[in-house]
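Notes follow once the structure below has been shown.
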Amino acid sequence: MGVGTIGIVEQDIIEITNLQRQVLYTEEDLGRPKIEVVLERLKLQNSSTKFKTFDTFLTQHNALEIISKFDVVIDGSDNFPTRYLINDACVILKKPFVSGAIQGFEGQLSVFNYQGGPTYRCLFPNMPSQEEIPNCNENGVLGIIPGIIGNLQALEAVKAITEIGEVLSGKLLLFNGLHQSYQTINFSLQPKNAAIKKLLRSYGAEVCEIHHNISIEEFEKKLKSQEHIQIIDVRTAEEFENYSLPQVKGLNIPLNELKGRIDELDSQSPIYLLCQSGKEVIWP
């Protein structure tokens, strides 16, 4: 639609559970980096568009640098920490961002920080606690809903760029797929939320729930490579002492202590969890 440069921030891997709602991918793409496949497909759609890719998750360490390169941010994240991080970075950089959220049969949409308008924190002042955050796997979403909300986000982005029509600034659009209904709620700017000067030291988990199992062979390659990875041995102290793995230099944090010792982890490096047996661990 005339946008000359598109930036993509992504470091996830394509899994089969993505396919019902992320229709850019196919079964042949399983196991591939999302950013790699996205770039291939979008280049085929329009070879004259310039793409800037960032093979990383958005964090408090890179958000300002990345977002500063663009005029409008479209938030396609699925977790609260990232949404609050995007909001704060956009307020600091004075960038508008188009926000969409989905769950079950419903979706919501708004444009925050547009021309001095209300921010995300004006609508949701405080980040929910871990206990209040819905579990992505348990709640799920009807695969059609992301397409509807995503198209509406694209429309709002065009309106914000071209300054035509009425942008959803200070308005939250609620969509109910079961009733095919739309409702709009107005909210106003709270000046203190527009006065953010710096990012928080931590926004909690940067991703909703990532858990990828890798084979012993893949793990061995990781150990031999020059890539900086972090290995967390979640076995009990007794298991760790009795069955030590000298070839694996990992930090022993028993699983029942992990939640209280999150600060010991480096969120900027890939994290691998090592268990006593073939049990699956959900992280974070």
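Chain labels follow the order of the structure tokens: the first chain is A, the next B, and so on; residue numbering restarts at 1 in every chain, and ligands are counted from 1 in their shown order.
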
Fill in: All helix (DSSP H, G or I) residues (DSSP, backbone) inside segment 150-258 of chain A, as a PyMOL selection string
chain A and resi 150-162+191-194+216-224+237-242+255-258

May I have the residues from that selection written out with N, CA and C atoms, as a compact mmCIF listing (two decimals), in the first residue's frame?
# COMPACT_ATOMS: atom_id res chain seq x y z
N GLY A 150 -5.97 -8.36 12.74
CA GLY A 150 -4.77 -7.96 11.99
C GLY A 150 -5.09 -7.04 10.83
N ASN A 151 -6.17 -7.33 10.11
CA ASN A 151 -6.59 -6.46 9.01
C ASN A 151 -7.01 -5.09 9.52
N LEU A 152 -7.71 -5.06 10.65
CA LEU A 152 -8.11 -3.77 11.23
C LEU A 152 -6.88 -2.98 11.68
N GLN A 153 -5.86 -3.68 12.19
CA GLN A 153 -4.62 -3.00 12.56
C GLN A 153 -3.96 -2.38 11.34
N ALA A 154 -3.92 -3.12 10.25
CA ALA A 154 -3.33 -2.60 9.02
C ALA A 154 -4.07 -1.35 8.54
N LEU A 155 -5.39 -1.38 8.65
CA LEU A 155 -6.19 -0.22 8.26
C LEU A 155 -5.86 0.99 9.12
N GLU A 156 -5.75 0.78 10.44
CA GLU A 156 -5.42 1.89 11.32
C GLU A 156 -4.02 2.43 11.04
N ALA A 157 -3.10 1.56 10.68
CA ALA A 157 -1.74 2.00 10.35
C ALA A 157 -1.75 2.91 9.12
N VAL A 158 -2.53 2.52 8.11
CA VAL A 158 -2.64 3.34 6.90
C VAL A 158 -3.25 4.70 7.23
N LYS A 159 -4.30 4.70 8.05
CA LYS A 159 -4.94 5.95 8.43
C LYS A 159 -4.00 6.85 9.21
N ALA A 160 -3.19 6.25 10.09
CA ALA A 160 -2.25 7.04 10.88
C ALA A 160 -1.16 7.64 10.00
N ILE A 161 -0.69 6.87 9.03
CA ILE A 161 0.38 7.33 8.14
C ILE A 161 -0.11 8.44 7.22
N THR A 162 -1.30 8.24 6.64
CA THR A 162 -1.82 9.19 5.65
C THR A 162 -2.64 10.31 6.27
N PRO A 191 -2.08 12.60 31.88
CA PRO A 191 -0.79 13.26 31.60
C PRO A 191 0.44 12.55 32.16
N LYS A 192 0.34 11.93 33.34
CA LYS A 192 1.51 11.28 33.93
C LYS A 192 2.00 10.12 33.06
N ASN A 193 1.10 9.51 32.29
CA ASN A 193 1.50 8.39 31.45
C ASN A 193 2.23 8.83 30.19
N ALA A 194 2.13 10.12 29.88
CA ALA A 194 2.85 10.65 28.72
C ALA A 194 4.19 11.25 29.11
N ILE A 216 19.35 -34.57 21.57
CA ILE A 216 20.69 -34.62 22.17
C ILE A 216 21.72 -34.16 21.16
N GLU A 217 21.52 -34.55 19.89
CA GLU A 217 22.47 -34.16 18.84
C GLU A 217 22.49 -32.65 18.65
N GLU A 218 21.30 -32.05 18.64
CA GLU A 218 21.23 -30.58 18.49
C GLU A 218 21.87 -29.89 19.68
N PHE A 219 21.61 -30.44 20.88
CA PHE A 219 22.16 -29.84 22.09
C PHE A 219 23.68 -29.94 22.09
N GLU A 220 24.21 -31.05 21.60
CA GLU A 220 25.65 -31.23 21.53
C GLU A 220 26.29 -30.20 20.60
N LYS A 221 25.61 -29.92 19.49
CA LYS A 221 26.10 -28.91 18.57
C LYS A 221 26.14 -27.53 19.23
N LYS A 222 25.10 -27.25 20.03
CA LYS A 222 25.05 -25.97 20.74
C LYS A 222 26.24 -25.84 21.68
N LEU A 223 26.56 -26.93 22.37
CA LEU A 223 27.67 -26.91 23.33
C LEU A 223 29.01 -26.67 22.64
N LYS A 224 29.15 -27.21 21.43
CA LYS A 224 30.41 -27.10 20.70
C LYS A 224 30.53 -25.78 19.93
N ALA A 237 18.99 -30.61 44.11
CA ALA A 237 20.40 -30.53 44.49
C ALA A 237 21.00 -31.92 44.61
N GLU A 238 20.24 -32.88 45.14
CA GLU A 238 20.73 -34.25 45.29
C GLU A 238 20.98 -34.90 43.94
N GLU A 239 20.05 -34.73 43.02
CA GLU A 239 20.22 -35.29 41.68
C GLU A 239 21.42 -34.66 40.98
N PHE A 240 21.57 -33.36 41.18
CA PHE A 240 22.68 -32.63 40.55
C PHE A 240 24.03 -33.14 41.05
N GLU A 241 24.13 -33.41 42.35
CA GLU A 241 25.39 -33.87 42.94
C GLU A 241 25.69 -35.33 42.60
N ASN A 242 24.65 -36.16 42.62
CA ASN A 242 24.86 -37.59 42.38
C ASN A 242 25.07 -37.95 40.91
N LEU A 255 13.80 -26.92 40.14
CA LEU A 255 12.58 -26.43 39.51
C LEU A 255 11.67 -25.71 40.49
N ASN A 256 11.58 -26.21 41.73
CA ASN A 256 10.70 -25.57 42.70
C ASN A 256 11.23 -24.23 43.21
N GLU A 257 12.50 -23.90 42.86
CA GLU A 257 13.08 -22.62 43.26
C GLU A 257 13.15 -21.63 42.10
N LEU A 258 12.83 -22.11 40.91
CA LEU A 258 13.08 -21.32 39.70
C LEU A 258 12.32 -20.00 39.69

Item to complete: Find the residues near Asp29 of chain A: any atom within 10 Å, counting only C-alpha atoms, skip ones fewer than 3 places away on the same chain, and give them as JSON, numbers by chain.
Response: {"A": [13, 14, 15, 16, 19, 24, 25, 26, 32, 33, 34, 36, 37]}

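Minimum distance to Leu273 of chain A across A:Asn213, A:Thr49, A:Thr236, A:Lys259 (counting only C-alpha atoms) occurs at A:Asn213.
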
Worksheet entry | Those in segment 50-259 of chain A with strand (DSSP E or B) from DSSP, as an NGL selection string | :A and (50-54 or 73-75 or 97-104 or 106-112 or 141 or 169 or 171-176 or 181-186 or 230-233 or 251-252)

Item to complete: May I ask which of the residues A:Leu142, A:Leu251, A:Val234, A:Val3 is the closest one to Gly107 of chain A, counting only C-alpha atoms?
Response: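 Result for the nearest residue to Gly107 of chain A: A:Leu142.
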
Fill in: Residue nearest Ile6 of chain A among A:Asp71, A:Glu27, A:Asp55, A:Glu40 (counting only C-alpha atoms)
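So, comparing all the options, the nearest one is A:Asp71.
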
Practice prompt. Would you work out the distance separating atom CA of Thr119 of chain A from atom CA of Gly170 of chain A, expressed in Å to one decimal?
Written response: 8.2 Å

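The interatomic distance for the pair atom CA of Ile196 of chain A and atom CA of Asn62 of chain A works out to 17.1 Å.
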
Item to complete: Please identify all polymer residues within 7 Å of Ile74 of chain A, counting only C-alpha atoms, omitting same-chain residues fewer than 3 positions from it, and present them as a list in words.
Response: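 That gives Phe97, Val98 and Ser99 of chain A.
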